[in-house]
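Printed here is work36.csv (CSV, C-alpha atoms and all ligand atoms):
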chain,number,residue,atom,x,y,z
K,1,MET,CA,1.7,-14.4,8.3
K,2,LYS,CA,-2.0,-14.3,8.8
K,3,ILE,CA,-3.2,-10.9,10.0
K,4,ALA,CA,-5.4,-12.5,12.7
K,5,ASN,CA,-2.3,-13.7,14.5
K,6,LEU,CA,-1.0,-10.1,14.8
K,7,PHE,CA,-3.9,-9.3,17.2
K,8,LYS,CA,-3.0,-12.2,19.6
K,9,ASP,CA,-0.5,-10.1,21.5
K,10,ASN,CA,-2.8,-8.2,23.8
K,11,GLU,CA,0.0,-5.9,25.0
K,12,LYS,CA,0.5,-4.4,21.5
K,13,THR,CA,-1.7,-2.1,19.4
K,14,VAL,CA,-1.5,-3.2,15.7
K,15,PHE,CA,-0.3,-0.4,13.5
K,16,SER,CA,-0.9,-0.7,9.7
K,17,PHE,CA,-0.9,1.4,6.6
K,18,GLU,CA,-3.1,1.5,3.5
K,19,VAL,CA,-1.8,2.4,0.0
K,20,PHE,CA,-3.3,2.5,-3.5
K,21,PRO,CA,-1.9,1.4,-6.9
K,22,PRO,CA,-1.1,4.1,-9.5
K,23,LYS,CA,-3.7,4.9,-12.2
K,24,LYS,CA,-3.8,2.7,-15.3
K,25,ASP,CA,-1.8,5.1,-17.4
K,26,SER,CA,1.1,5.5,-14.9
K,27,PRO,CA,3.7,2.8,-14.7
K,28,ILE,CA,3.4,0.6,-11.7
K,29,GLU,CA,7.1,1.2,-10.8
K,30,SER,CA,6.1,4.9,-10.2
K,31,VAL,CA,5.0,3.9,-6.7
K,32,TYR,CA,7.7,1.5,-5.7
K,33,SER,CA,10.1,4.0,-4.2
K,34,LYS,CA,7.2,5.4,-2.0
K,35,MET,CA,6.3,1.8,-1.0
K,36,GLU,CA,9.8,1.1,0.0
K,37,GLU,CA,9.9,4.3,2.1
K,38,LEU,CA,6.6,3.3,3.8
K,39,CYS,CA,7.9,-0.2,4.4
K,40,ALA,CA,11.0,1.2,6.1
K,41,LEU,CA,8.7,2.6,8.8
K,42,LYS,CA,8.0,-1.0,9.7
K,43,PRO,CA,4.2,-1.1,10.1
K,44,ASP,CA,2.7,-4.4,11.1
K,45,PHE,CA,1.2,-4.8,7.6
K,46,ILE,CA,0.2,-2.7,4.6
K,47,SER,CA,-3.0,-3.2,2.7
K,48,VAL,CA,-3.3,-2.4,-1.0
K,49,THR,CA,-6.7,-1.1,-2.4
K,50,TYR,CA,-8.5,-2.5,-5.4
K,51,GLY,CA,-9.7,0.1,-7.9
K,52,ALA,CA,-13.4,0.8,-7.7
K,53,GLY,CA,-15.3,-1.4,-10.1
K,54,GLY,CA,-12.1,-3.0,-11.3
K,55,THR,CA,-11.0,0.3,-13.0
K,56,VAL,CA,-7.4,-0.2,-12.1
K,57,GLY,CA,-7.6,-4.0,-12.2
K,58,HIS,CA,-6.7,-6.7,-9.7
K,59,SER,CA,-3.3,-7.4,-11.1
K,60,ARG,CA,-1.8,-4.1,-9.8
K,61,THR,CA,-3.1,-4.8,-6.3
K,62,CYS,CA,-1.6,-8.3,-6.4
K,63,GLU,CA,1.7,-7.1,-7.8
K,64,ILE,CA,2.1,-4.3,-5.3
K,65,ALA,CA,1.1,-6.5,-2.4
K,66,SER,CA,3.7,-9.1,-3.5
K,67,LYS,CA,6.4,-6.4,-3.9
K,68,ILE,CA,5.6,-5.1,-0.3
K,69,LYS,CA,5.8,-8.6,1.1
K,70,TYR,CA,8.7,-10.2,-0.7
K,71,ASP,CA,10.9,-7.3,-1.7
K,72,PHE,CA,10.3,-4.9,1.1
K,73,GLY,CA,9.7,-7.4,4.0
K,74,VAL,CA,6.3,-6.1,5.3
K,75,GLU,CA,3.2,-8.4,5.5
K,76,SER,CA,0.6,-7.3,3.0
K,77,VAL,CA,-3.1,-7.5,2.5
K,78,ALA,CA,-4.9,-7.4,-0.9
K,79,HIS,CA,-8.3,-5.7,-1.0
K,80,LEU,CA,-10.8,-7.6,-3.1
K,81,THR,CA,-14.2,-6.3,-4.1
K,82,CYS,CA,-17.0,-8.6,-5.4
K,83,VAL,CA,-20.1,-6.8,-6.5
K,84,ASN,CA,-18.7,-6.1,-10.0
K,85,SER,CA,-17.2,-9.6,-10.4
K,86,THR,CA,-18.5,-12.9,-11.4
K,87,LYS,CA,-17.6,-16.1,-9.5
K,88,ALA,CA,-15.1,-16.9,-12.3
K,89,ASP,CA,-13.4,-13.4,-11.9
K,90,ILE,CA,-13.1,-14.0,-8.1
K,91,ASP,CA,-11.7,-17.5,-8.6
K,92,SER,CA,-9.1,-16.1,-11.0
K,93,ASN,CA,-8.2,-13.3,-8.6
K,94,LEU,CA,-7.9,-15.7,-5.6
K,95,ALA,CA,-5.8,-18.1,-7.7
K,96,ASP,CA,-3.5,-15.2,-8.6
K,97,LEU,CA,-3.2,-14.1,-5.0
K,98,LYS,CA,-2.4,-17.6,-3.9
K,99,ALA,CA,0.2,-18.1,-6.6
K,100,ASN,CA,1.8,-14.9,-5.5
K,101,GLY,CA,1.9,-16.0,-1.8
K,102,ILE,CA,-0.6,-13.3,-0.7
K,103,GLU,CA,-2.5,-14.9,2.1
K,104,ASN,CA,-4.5,-12.0,3.5
K,105,ILE,CA,-7.5,-10.5,1.9
K,106,LEU,CA,-9.7,-7.6,2.8
K,107,ALA,CA,-13.1,-8.8,1.5
K,108,LEU,CA,-15.3,-6.0,0.3
K,109,ARG,CA,-18.5,-5.5,-1.6
K,110,GLY,CA,-17.2,-2.5,-3.5
K,111,ASP,CA,-19.4,0.3,-4.9
K,112,TYR,CA,-21.7,0.0,-7.8
K,113,VAL,CA,-20.3,1.7,-10.9
K,114,GLU,CA,-22.5,4.1,-12.8
K,115,GLY,CA,-23.5,2.8,-16.1
K,116,ALA,CA,-22.2,-0.7,-15.4
K,117,GLU,CA,-24.5,-3.6,-14.7
K,118,PRO,CA,-23.4,-5.2,-11.4
K,119,LYS,CA,-22.8,-8.9,-11.6
K,120,HIS,CA,-25.1,-11.1,-9.5
K,121,ASP,CA,-22.8,-13.8,-8.0
K,122,PHE,CA,-22.0,-11.8,-4.9
K,123,ARG,CA,-24.3,-9.2,-3.3
K,124,TYR,CA,-22.5,-8.4,0.0
K,125,ALA,CA,-19.0,-8.7,1.4
K,126,SER,CA,-20.4,-11.4,3.6
K,127,ASP,CA,-21.1,-13.5,0.4
K,128,LEU,CA,-17.5,-13.2,-0.5
K,129,CYS,CA,-16.4,-14.2,3.0
K,130,GLU,CA,-18.8,-17.2,2.9
K,131,TYR,CA,-17.5,-18.3,-0.5
K,132,ILE,CA,-13.8,-18.2,0.6
K,133,GLU,CA,-14.7,-20.2,3.7
K,134,ARG,CA,-16.7,-22.7,1.7
K,135,VAL,CA,-13.9,-23.7,-0.6
K,136,ASP,CA,-11.3,-25.8,1.2
K,137,GLU,CA,-8.2,-24.6,-0.7
K,138,TYR,CA,-9.2,-20.9,-0.1
K,139,ARG,CA,-10.2,-21.4,3.6
K,140,GLU,CA,-7.0,-23.1,4.4
K,141,PHE,CA,-4.8,-20.5,2.7
K,142,PHE,CA,-6.5,-17.1,3.2
K,143,ASP,CA,-7.2,-15.0,6.2
K,144,ILE,CA,-10.1,-12.7,5.6
K,145,GLY,CA,-10.7,-9.1,7.0
K,146,GLY,CA,-13.7,-6.9,6.4
K,147,GLY,CA,-14.6,-3.2,6.4
K,148,CYS,CA,-16.8,-1.4,8.9
K,149,TYR,CA,-18.4,2.0,9.3
K,150,PRO,CA,-18.4,3.9,12.6
K,151,GLU,CA,-20.8,6.5,11.1
K,152,VAL,CA,-23.0,3.7,9.5
K,153,HIS,CA,-22.7,2.6,5.9
K,154,GLY,CA,-24.4,5.1,3.5
K,155,GLU,CA,-26.9,2.5,2.2
K,156,ALA,CA,-27.8,1.0,5.5
K,157,GLU,CA,-31.4,1.6,6.8
K,158,ASN,CA,-30.1,2.5,10.3
K,159,GLU,CA,-27.3,1.8,12.7
K,160,ILE,CA,-28.9,-1.3,14.1
K,161,GLU,CA,-29.4,-2.9,10.7
K,162,ASP,CA,-25.8,-2.0,9.8
K,163,ILE,CA,-24.3,-3.6,12.9
K,164,LEU,CA,-26.4,-6.7,12.5
K,165,ASN,CA,-25.2,-7.0,8.9
K,166,LEU,CA,-21.6,-6.5,10.2
K,167,LYS,CA,-22.2,-9.4,12.5
K,168,LYS,CA,-23.2,-11.5,9.5
K,169,LYS,CA,-19.9,-10.7,7.9
K,170,VAL,CA,-18.0,-11.8,11.0
K,171,ASP,CA,-20.0,-15.0,11.2
K,172,ALA,CA,-19.2,-15.6,7.6
K,173,GLY,CA,-15.5,-15.6,8.3
K,174,ALA,CA,-14.0,-12.1,8.7
K,175,SER,CA,-11.4,-12.5,11.4
K,176,HIS,CA,-10.8,-8.8,11.9
K,177,LEU,CA,-12.3,-5.5,10.8
K,178,ILE,CA,-10.9,-2.2,9.5
K,179,SER,CA,-12.9,0.9,9.9
K,180,GLN,CA,-13.8,3.7,7.5
K,181,LEU,CA,-12.0,6.9,8.4
K,182,PHE,CA,-13.5,9.2,11.1
K,183,PHE,CA,-12.5,12.5,12.7
K,184,ASP,CA,-14.4,12.2,16.0
K,185,ASN,CA,-13.2,9.5,18.4
K,186,ASN,CA,-16.5,9.6,20.3
K,187,VAL,CA,-18.3,8.3,17.1
K,188,TYR,CA,-15.8,5.4,17.1
K,189,TYR,CA,-16.4,4.6,20.8
K,190,ARG,CA,-20.2,4.5,20.3
K,191,PHE,CA,-19.7,2.2,17.3
K,192,ILE,CA,-17.5,-0.2,19.4
K,193,GLU,CA,-20.3,-0.3,22.0
K,194,ARG,CA,-22.8,-1.3,19.4
K,195,ALA,CA,-20.4,-3.9,18.1
K,196,LYS,CA,-20.0,-5.3,21.6
K,197,ILE,CA,-23.8,-5.4,22.0
K,198,ALA,CA,-24.1,-7.3,18.7
K,199,ARG,CA,-21.5,-9.8,20.0
K,200,ILE,CA,-18.9,-8.9,17.4
K,201,ASP,CA,-15.8,-10.1,19.1
K,202,VAL,CA,-13.1,-9.9,16.4
K,203,PRO,CA,-10.4,-7.2,16.6
K,204,ILE,CA,-11.4,-3.8,15.0
K,205,GLU,CA,-8.8,-1.4,13.7
K,206,ALA,CA,-9.6,2.3,13.7
K,207,GLY,CA,-9.1,4.0,10.3
K,208,ILE,CA,-7.3,7.3,10.5
K,209,MET,CA,-6.7,9.6,7.7
K,210,PRO,CA,-4.5,12.7,8.2
K,211,ILE,CA,-6.1,15.5,6.3
K,212,THR,CA,-3.2,17.5,5.0
K,213,ASN,CA,-4.4,19.5,2.0
K,214,LYS,CA,-7.5,21.4,1.1
K,215,ASN,CA,-8.6,19.4,-2.0
K,216,GLN,CA,-8.5,16.2,0.0
K,217,ILE,CA,-11.0,17.4,2.5
K,218,THR,CA,-14.1,17.8,0.3
K,219,ARG,CA,-13.4,14.6,-1.6
K,220,MET,CA,-12.7,12.5,1.4
K,221,VAL,CA,-15.6,13.8,3.4
K,222,SER,CA,-18.1,13.3,0.6
K,223,MET,CA,-16.7,9.8,-0.2
K,224,SER,CA,-16.6,8.5,3.3
K,225,GLY,CA,-19.6,10.4,4.8
K,226,ALA,CA,-17.4,11.3,7.9
K,227,SER,CA,-18.7,14.1,10.0
K,228,LEU,CA,-16.3,17.0,10.8
K,229,PRO,CA,-16.2,18.0,14.5
K,230,ALA,CA,-16.2,21.7,15.2
K,231,LYS,CA,-12.7,21.5,16.5
K,232,PHE,CA,-11.5,20.1,13.2
K,233,SER,CA,-13.5,22.6,11.0
K,234,LYS,CA,-11.8,25.4,12.9
K,235,ILE,CA,-8.4,24.1,12.0
K,236,LEU,CA,-9.4,23.8,8.4
K,237,GLN,CA,-10.8,27.3,8.3
K,238,LYS,CA,-7.7,28.8,10.0
K,239,TYR,CA,-5.2,27.2,7.7
K,240,GLU,CA,-7.0,26.7,4.5
K,241,ASN,CA,-4.7,29.1,2.6
K,242,LYS,CA,-1.5,28.0,4.3
K,243,PRO,CA,-0.6,24.6,2.8
K,244,GLU,CA,2.3,23.8,5.1
K,245,ALA,CA,0.5,24.9,8.3
K,246,LEU,CA,-2.6,22.9,7.2
K,247,ARG,CA,-0.3,19.8,6.6
K,248,ASP,CA,1.3,20.1,10.0
K,249,ALA,CA,-2.1,20.7,11.8
K,250,GLY,CA,-3.6,17.7,10.0
K,251,ILE,CA,-0.7,15.5,11.2
K,252,ALA,CA,-1.0,16.9,14.7
K,253,TYR,CA,-4.8,16.2,14.7
K,254,ALA,CA,-4.3,12.6,13.5
K,255,ILE,CA,-1.6,12.0,16.2
K,256,GLU,CA,-4.0,13.3,18.9
K,257,GLN,CA,-6.7,11.0,17.6
K,258,ILE,CA,-4.4,8.0,17.7
K,259,ILE,CA,-3.0,8.7,21.2
K,260,ASP,CA,-6.6,9.0,22.6
K,261,LEU,CA,-7.6,5.7,20.8
K,262,ILE,CA,-4.6,3.8,22.1
K,263,ALA,CA,-5.2,5.1,25.6
K,264,ASN,CA,-8.8,3.8,25.3
K,265,GLY,CA,-7.6,0.3,24.3
K,266,VAL,CA,-8.1,0.3,20.5
K,267,ASP,CA,-7.1,-3.0,18.9
K,268,GLY,CA,-5.3,-1.4,16.0
K,269,ILE,CA,-4.7,1.8,14.0
K,270,HIS,CA,-5.0,1.7,10.2
K,271,LEU,CA,-3.4,4.7,8.7
K,272,TYR,CA,-4.7,5.8,5.3
K,273,THR,CA,-1.3,7.0,4.0
K,274,MET,CA,-2.4,8.3,0.6
K,275,ASN,CA,1.0,6.9,-0.5
K,276,ASN,CA,2.8,9.7,1.4
K,277,PRO,CA,5.9,8.5,3.3
K,278,TYR,CA,6.6,12.0,4.8
K,279,ILE,CA,3.2,12.2,6.5
K,280,ALA,CA,3.2,8.5,7.5
K,281,GLY,CA,6.7,9.0,8.8
K,282,LYS,CA,5.8,12.0,11.1
K,283,ILE,CA,2.9,10.1,12.6
K,284,THR,CA,4.8,6.8,13.0
K,285,GLU,CA,7.7,8.7,14.8
K,286,ALA,CA,5.2,10.3,17.2
K,287,VAL,CA,3.3,7.2,18.1
K,288,ALA,CA,5.8,4.3,17.8
K,289,ASN,CA,6.7,4.2,21.5
K,290,LEU,CA,3.0,4.2,22.5
K,291,LEU,CA,1.8,1.1,20.5
K,301,LIG,P1,-21.0,-4.7,2.9
K,301,LIG,O1,-20.4,-5.2,4.1
K,301,LIG,O2,-21.5,-5.8,1.9
K,301,LIG,O3,-22.1,-3.7,3.3
K,301,LIG,C1,-22.8,-2.9,2.2
K,301,LIG,C2,-24.2,-2.6,2.7
K,301,LIG,O4,-25.0,-3.7,2.7
K,301,LIG,C3,-24.3,-2.0,4.1
K,301,LIG,O5,-25.3,-1.0,4.1
K,301,LIG,C4,-24.7,-3.2,5.0
K,301,LIG,O6,-25.4,-2.8,6.1
K,301,LIG,C5,-25.5,-4.0,4.0
K,301,LIG,N1,-25.3,-5.5,4.2
K,301,LIG,C6,-24.1,-6.1,4.4
K,301,LIG,N2,-24.2,-7.4,4.5
K,301,LIG,C7,-25.5,-7.7,4.4
K,301,LIG,C8,-26.3,-8.9,4.4
K,301,LIG,N3,-25.7,-10.1,4.6
K,301,LIG,N4,-27.6,-8.8,4.2
K,301,LIG,C9,-28.2,-7.6,4.1
K,301,LIG,N5,-27.5,-6.4,4.1
K,301,LIG,C10,-26.2,-6.4,4.2
K,301,LIG,N6,-13.8,0.1,-2.2
K,301,LIG,C11,-13.1,-0.3,-3.3
K,301,LIG,O7,-13.7,-0.3,-4.4
K,301,LIG,N7,-11.8,-0.7,-3.2
K,301,LIG,C12,-11.1,-0.8,-2.1
K,301,LIG,O8,-9.9,-1.2,-2.0
K,301,LIG,C13,-11.8,-0.4,-0.9
K,301,LIG,N8,-11.2,-0.5,0.4
K,301,LIG,C14,-11.9,-0.2,1.5
K,301,LIG,C15,-11.3,-0.4,2.7
K,301,LIG,C16,-12.0,-0.1,3.9
K,301,LIG,C17,-11.3,-0.3,5.3
K,301,LIG,C18,-13.3,0.3,3.9
K,301,LIG,C19,-14.1,0.5,5.1
K,301,LIG,C20,-14.0,0.4,2.6
K,301,LIG,C21,-13.3,0.2,1.5
K,301,LIG,N9,-13.9,0.3,0.2
K,301,LIG,C22,-13.2,0.0,-1.0
K,301,LIG,C23,-15.2,0.9,0.1
K,301,LIG,C24,-16.3,-0.2,0.1
K,301,LIG,O9,-16.2,-1.0,-1.1
K,301,LIG,C25,-17.7,0.5,0.0
K,301,LIG,O10,-17.8,1.3,1.2
K,301,LIG,C26,-18.9,-0.3,-0.2
K,301,LIG,O11,-20.0,0.5,-0.4
K,301,LIG,C27,-19.3,-1.3,0.9
K,301,LIG,O12,-18.4,-2.3,1.0
K,301,LIG,P2,-18.5,-3.3,2.3
K,301,LIG,O13,-17.5,-4.4,2.0
K,301,LIG,O14,-18.3,-2.6,3.5
K,301,LIG,O15,-20.0,-3.8,2.1
Take the structure in this file and express it as structure tokens.
Ligand code: FAD
Amino acid sequence: MKIANLFKDNEKTVFSFEVFPPKKDSPIESVYSKMEELCALKPDFISVTYGAGGTVGHSRTCEIASKIKYDFGVESVAHLTCVNSTKADIDSNLADLKANGIENILALRGDYVEGAEPKHDFRYASDLCEYIERVDEYREFFDIGGGCYPEVHGEAENEIEDILNLKKKVDAGASHLISQLFFDNNVYYRFIERAKIARIDVPIEAGIMPITNKNQITRMVSMSGASLPAKFSKILQKYENKPEALRDAGIAYAIEQIIDLIANGVDGIHLYTMNNPYIAGKITEAVANLL
């Protein structure tokens, strides 16, 4: 099923998960039991990331997306980055996804990899969207989603340029958007206002990451550029040396964010699960009746 169709039911908030493939040196099967547990929570779809700069390789993303869809019965989305790929690489990846029956793609630029020369066929995610839309066999088969940044993408000149660039991605074919994680819902609501002003009228899912351990915090905050509201920092300070309390407080914080977003009419919630069925399960249980 094409993801765009999930958003047609205006009465329901779409609820999806994100997972990542294991590192190159771990067998792919090592994540299958976790994937099965996550699928048992019955999210509307699960998206599978693509290793930065192709470090993990496309085949694992495709294999896991296929397992999720055909063995565990949940619709899947394969992330696909383009800045480190040639057109031939992208053609090969798209052919592979099509052959495996994966019809949903999250089209991304990806990050530049230190020491590696970027390829020059695609500069922005919008170029990848445009390419998929231009080729008949891709356009007919794939539904395309894109990423967006409530706190502005790190390389953008300013929030106006960033939102106008996002509009280009939507005009190039992205049928829905998934946001970078954020901890302050007001930041998200301001972003939605900018998107409306820019006439971005596709559904936007809010990316929520439950922060449940100390190591995750610094890494995630520096990777995503998300700001930490004082309320959240206080929780981190109070429980930084109590792992179980921090985990529970992180889950509670994410649930509170989600309830507020749903009450304010968000199109969807995309939960960054970190492949953790326990945490995703607690959150799903708390919000399932509210979606
Ligand atoms: P773009 O939309 O291309 O934007 C990049 C920058 O260029 C922005 O500053 C934007 O303002 C500007 N820009 C965009 N289009 C144009 C244009 N047409 N003209 C001029 N300027 C333009 N990375 C991975 O490696 N693997 C993953 O699986 C992955 N999953 C992600 C999932 C989500 C939901 C999100 C939000 C991000 C994910 N990323 C992933 C990270 C992403 O690859 C990086 O954030 C990257 O730096 C930007 O990718 P993008 O597709 O948002 O880029």
Residues within 10 Å of Leu41 of chain K, all atoms listed in the file, excluding chain neighbours under 4 positions, as an MDAnalysis selection string: chainID K and resid 17 36:37 74 277 280:281 284:285 288
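Nearest to ligand LIG 301 (chain K) of all the residues K:Asn158, K:Ser16, K:Ser85, K:Ser30 is K:Asn158, based on only C-alpha atoms and all ligand atoms.
Our summary of the geometry notes that atom CA of Phe183 of chain K is positioned 16.7 Å from atom C21 of ligand LIG 301 (chain K).
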Given 7 Å and all atoms listed in the file, residues near ligand LIG 301 (chain K) as a ChimeraX atom specification: /K:48-53,79-81,107-111,123-126,146-149,153-156,161-163,165-166,168-169,178-180,207
How would the residues just picked look written out with C-alpha atoms as a PDB file, in the frame of the given file?
ATOM      1  CA  VAL K  48      -3.300  -2.400  -1.000  1.00  0.00           C
ATOM      2  CA  THR K  49      -6.700  -1.100  -2.400  1.00  0.00           C
ATOM      3  CA  TYR K  50      -8.500  -2.500  -5.400  1.00  0.00           C
ATOM      4  CA  GLY K  51      -9.700   0.100  -7.900  1.00  0.00           C
ATOM      5  CA  ALA K  52     -13.400   0.800  -7.700  1.00  0.00           C
ATOM      6  CA  GLY K  53     -15.300  -1.400 -10.100  1.00  0.00           C
ATOM      7  CA  HIS K  79      -8.300  -5.700  -1.000  1.00  0.00           C
ATOM      8  CA  LEU K  80     -10.800  -7.600  -3.100  1.00  0.00           C
ATOM      9  CA  THR K  81     -14.200  -6.300  -4.100  1.00  0.00           C
ATOM     10  CA  ALA K 107     -13.100  -8.800   1.500  1.00  0.00           C
ATOM     11  CA  LEU K 108     -15.300  -6.000   0.300  1.00  0.00           C
ATOM     12  CA  ARG K 109     -18.500  -5.500  -1.600  1.00  0.00           C
ATOM     13  CA  GLY K 110     -17.200  -2.500  -3.500  1.00  0.00           C
ATOM     14  CA  ASP K 111     -19.400   0.300  -4.900  1.00  0.00           C
ATOM     15  CA  ARG K 123     -24.300  -9.200  -3.300  1.00  0.00           C
ATOM     16  CA  TYR K 124     -22.500  -8.400   0.000  1.00  0.00           C
ATOM     17  CA  ALA K 125     -19.000  -8.700   1.400  1.00  0.00           C
ATOM     18  CA  SER K 126     -20.400 -11.400   3.600  1.00  0.00           C
ATOM     19  CA  GLY K 146     -13.700  -6.900   6.400  1.00  0.00           C
ATOM     20  CA  GLY K 147     -14.600  -3.200   6.400  1.00  0.00           C
ATOM     21  CA  CYS K 148     -16.800  -1.400   8.900  1.00  0.00           C
ATOM     22  CA  TYR K 149     -18.400   2.000   9.300  1.00  0.00           C
ATOM     23  CA  HIS K 153     -22.700   2.600   5.900  1.00  0.00           C
ATOM     24  CA  GLY K 154     -24.400   5.100   3.500  1.00  0.00           C
ATOM     25  CA  GLU K 155     -26.900   2.500   2.200  1.00  0.00           C
ATOM     26  CA  ALA K 156     -27.800   1.000   5.500  1.00  0.00           C
ATOM     27  CA  GLU K 161     -29.400  -2.900  10.700  1.00  0.00           C
ATOM     28  CA  ASP K 162     -25.800  -2.000   9.800  1.00  0.00           C
ATOM     29  CA  ILE K 163     -24.300  -3.600  12.900  1.00  0.00           C
ATOM     30  CA  ASN K 165     -25.200  -7.000   8.900  1.00  0.00           C
ATOM     31  CA  LEU K 166     -21.600  -6.500  10.200  1.00  0.00           C
ATOM     32  CA  LYS K 168     -23.200 -11.500   9.500  1.00  0.00           C
ATOM     33  CA  LYS K 169     -19.900 -10.700   7.900  1.00  0.00           C
ATOM     34  CA  ILE K 178     -10.900  -2.200   9.500  1.00  0.00           C
ATOM     35  CA  SER K 179     -12.900   0.900   9.900  1.00  0.00           C
ATOM     36  CA  GLN K 180     -13.800   3.700   7.500  1.00  0.00           C
ATOM     37  CA  GLY K 207      -9.100   4.000  10.300  1.00  0.00           C
TER      38      GLY K 207
END
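Distance-wise, atom CA of Asn264 of chain K and atom CA of Ala198 of chain K end up 20.0 Å apart.
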Residue contacts of Ala95 of chain K (12 Å, all atoms listed in the file) excluding same-chain residues fewer than 5 positions away, as a PyMOL selection string: chain K and resi 58-59+62+88-90+100-103+132+137-138+141-142
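Nearest residue to Lys282 of chain K among K:Pro27, K:Pro243, K:Pro203, K:Gly250 is K:Gly250, counting only C-alpha atoms.
One finds atom CA of Ala206 of chain K at 8.3 Å from atom CA of Leu271 of chain K.
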Exercise: residues within 9 Å of coordinate (-17.7, 10.8, 5.9), counting all atoms listed in the file, as a PyMOL selection string: chain K and resi 151+180-183+220-228
Include C-alpha atoms and write out the residues we just selected as a PDB file, in the frame of the given file.
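Saved as out.pdb:
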ATOM      1  CA  GLU K 151     -20.800   6.500  11.100  1.00  0.00           C
ATOM      2  CA  GLN K 180     -13.800   3.700   7.500  1.00  0.00           C
ATOM      3  CA  LEU K 181     -12.000   6.900   8.400  1.00  0.00           C
ATOM      4  CA  PHE K 182     -13.500   9.200  11.100  1.00  0.00           C
ATOM      5  CA  PHE K 183     -12.500  12.500  12.700  1.00  0.00           C
ATOM      6  CA  MET K 220     -12.700  12.500   1.400  1.00  0.00           C
ATOM      7  CA  VAL K 221     -15.600  13.800   3.400  1.00  0.00           C
ATOM      8  CA  SER K 222     -18.100  13.300   0.600  1.00  0.00           C
ATOM      9  CA  MET K 223     -16.700   9.800  -0.200  1.00  0.00           C
ATOM     10  CA  SER K 224     -16.600   8.500   3.300  1.00  0.00           C
ATOM     11  CA  GLY K 225     -19.600  10.400   4.800  1.00  0.00           C
ATOM     12  CA  ALA K 226     -17.400  11.300   7.900  1.00  0.00           C
ATOM     13  CA  SER K 227     -18.700  14.100  10.000  1.00  0.00           C
ATOM     14  CA  LEU K 228     -16.300  17.000  10.800  1.00  0.00           C
TER      15      LEU K 228
END
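Proximity ranking of K:Ile144, K:Ile217, K:Ala286, K:Asn275 relative to Leu38 of chain K places K:Asn275 first, based on only C-alpha atoms.
Distances to Asn10 of chain K were evaluated for K:Ala174, K:Ala40, K:Val266, K:Ile283 using all atoms listed in the file, and the minimum falls at K:Val266.
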Top pick for closest residue to Asp143 of chain K, considering K:Ile105, K:Asn186, K:Tyr239, K:Glu130 and counting all atoms listed in the file: K:Ile105
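With only C-alpha atoms as the atoms that count, the residue of K:Asp96, K:Glu75, K:Asp91, K:Glu133 with the shortest distance to Met1 of chain K is K:Glu75.
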9 Å contact set for Lys67 of chain K, all atoms listed in the file, chain neighbours under 5 positions out, as a PyMOL selection string: chain K and resi 32+35+62+72-73
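Protein, DNA and RNA residues at most 12 Å from (-1.0, 12.4, 18.7), with only C-alpha atoms, are these: Ile208, Pro210, Asp248, Ala249, Gly250, Ile251, Ala252, Tyr253, Ala254, Ile255, Glu256, Gln257, Ile258, Ile259, Asp260, Leu261, Ile262, Ala263, Lys282, Ile283, Thr284, Glu285, Ala286, Val287, Ala288, Asn289, Leu290 and Leu291 of chain K.
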Can you sort out segment 21-31 of chain K so it carries N, CA and C atoms, written as a PDB file, keeping the file's coordinate frame?
ATOM      1  N   PRO K  21      -2.742   1.538  -5.656  1.00  0.00           N
ATOM      2  CA  PRO K  21      -1.900   1.400  -6.900  1.00  0.00           C
ATOM      3  C   PRO K  21      -2.028   2.659  -7.724  1.00  0.00           C
ATOM      4  N   PRO K  22      -1.057   2.900  -8.606  1.00  0.00           N
ATOM      5  CA  PRO K  22      -1.100   4.100  -9.500  1.00  0.00           C
ATOM      6  C   PRO K  22      -2.256   3.878 -10.518  1.00  0.00           C
ATOM      7  N   LYS K  23      -2.698   4.985 -11.137  1.00  0.00           N
ATOM      8  CA  LYS K  23      -3.700   4.900 -12.200  1.00  0.00           C
ATOM      9  C   LYS K  23      -3.203   4.059 -13.348  1.00  0.00           C
ATOM     10  N   LYS K  24      -4.141   3.544 -14.141  1.00  0.00           N
ATOM     11  CA  LYS K  24      -3.800   2.700 -15.300  1.00  0.00           C
ATOM     12  C   LYS K  24      -2.714   3.227 -16.176  1.00  0.00           C
ATOM     13  N   ASP K  25      -2.782   4.567 -16.411  1.00  0.00           N
ATOM     14  CA  ASP K  25      -1.800   5.100 -17.400  1.00  0.00           C
ATOM     15  C   ASP K  25      -0.465   5.485 -16.785  1.00  0.00           C
ATOM     16  N   SER K  26      -0.263   5.241 -15.479  1.00  0.00           N
ATOM     17  CA  SER K  26       1.100   5.500 -14.900  1.00  0.00           C
ATOM     18  C   SER K  26       1.748   4.105 -14.713  1.00  0.00           C
ATOM     19  N   PRO K  27       3.049   4.043 -14.952  1.00  0.00           N
ATOM     20  CA  PRO K  27       3.700   2.800 -14.700  1.00  0.00           C
ATOM     21  C   PRO K  27       3.673   2.349 -13.282  1.00  0.00           C
ATOM     22  N   ILE K  28       3.562   1.059 -13.062  1.00  0.00           N
ATOM     23  CA  ILE K  28       3.400   0.600 -11.700  1.00  0.00           C
ATOM     24  C   ILE K  28       4.683   0.897 -10.868  1.00  0.00           C
ATOM     25  N   GLU K  29       5.821   0.934 -11.546  1.00  0.00           N
ATOM     26  CA  GLU K  29       7.100   1.200 -10.800  1.00  0.00           C
ATOM     27  C   GLU K  29       7.059   2.613 -10.210  1.00  0.00           C
ATOM     28  N   SER K  30       6.142   3.491 -10.704  1.00  0.00           N
ATOM     29  CA  SER K  30       6.100   4.900 -10.200  1.00  0.00           C
ATOM     30  C   SER K  30       5.852   4.920  -8.690  1.00  0.00           C
ATOM     31  N   VAL K  31       5.253   3.872  -8.139  1.00  0.00           N
ATOM     32  CA  VAL K  31       5.000   3.900  -6.700  1.00  0.00           C
ATOM     33  C   VAL K  31       5.966   3.129  -5.857  1.00  0.00           C
TER      34      VAL K  31
END
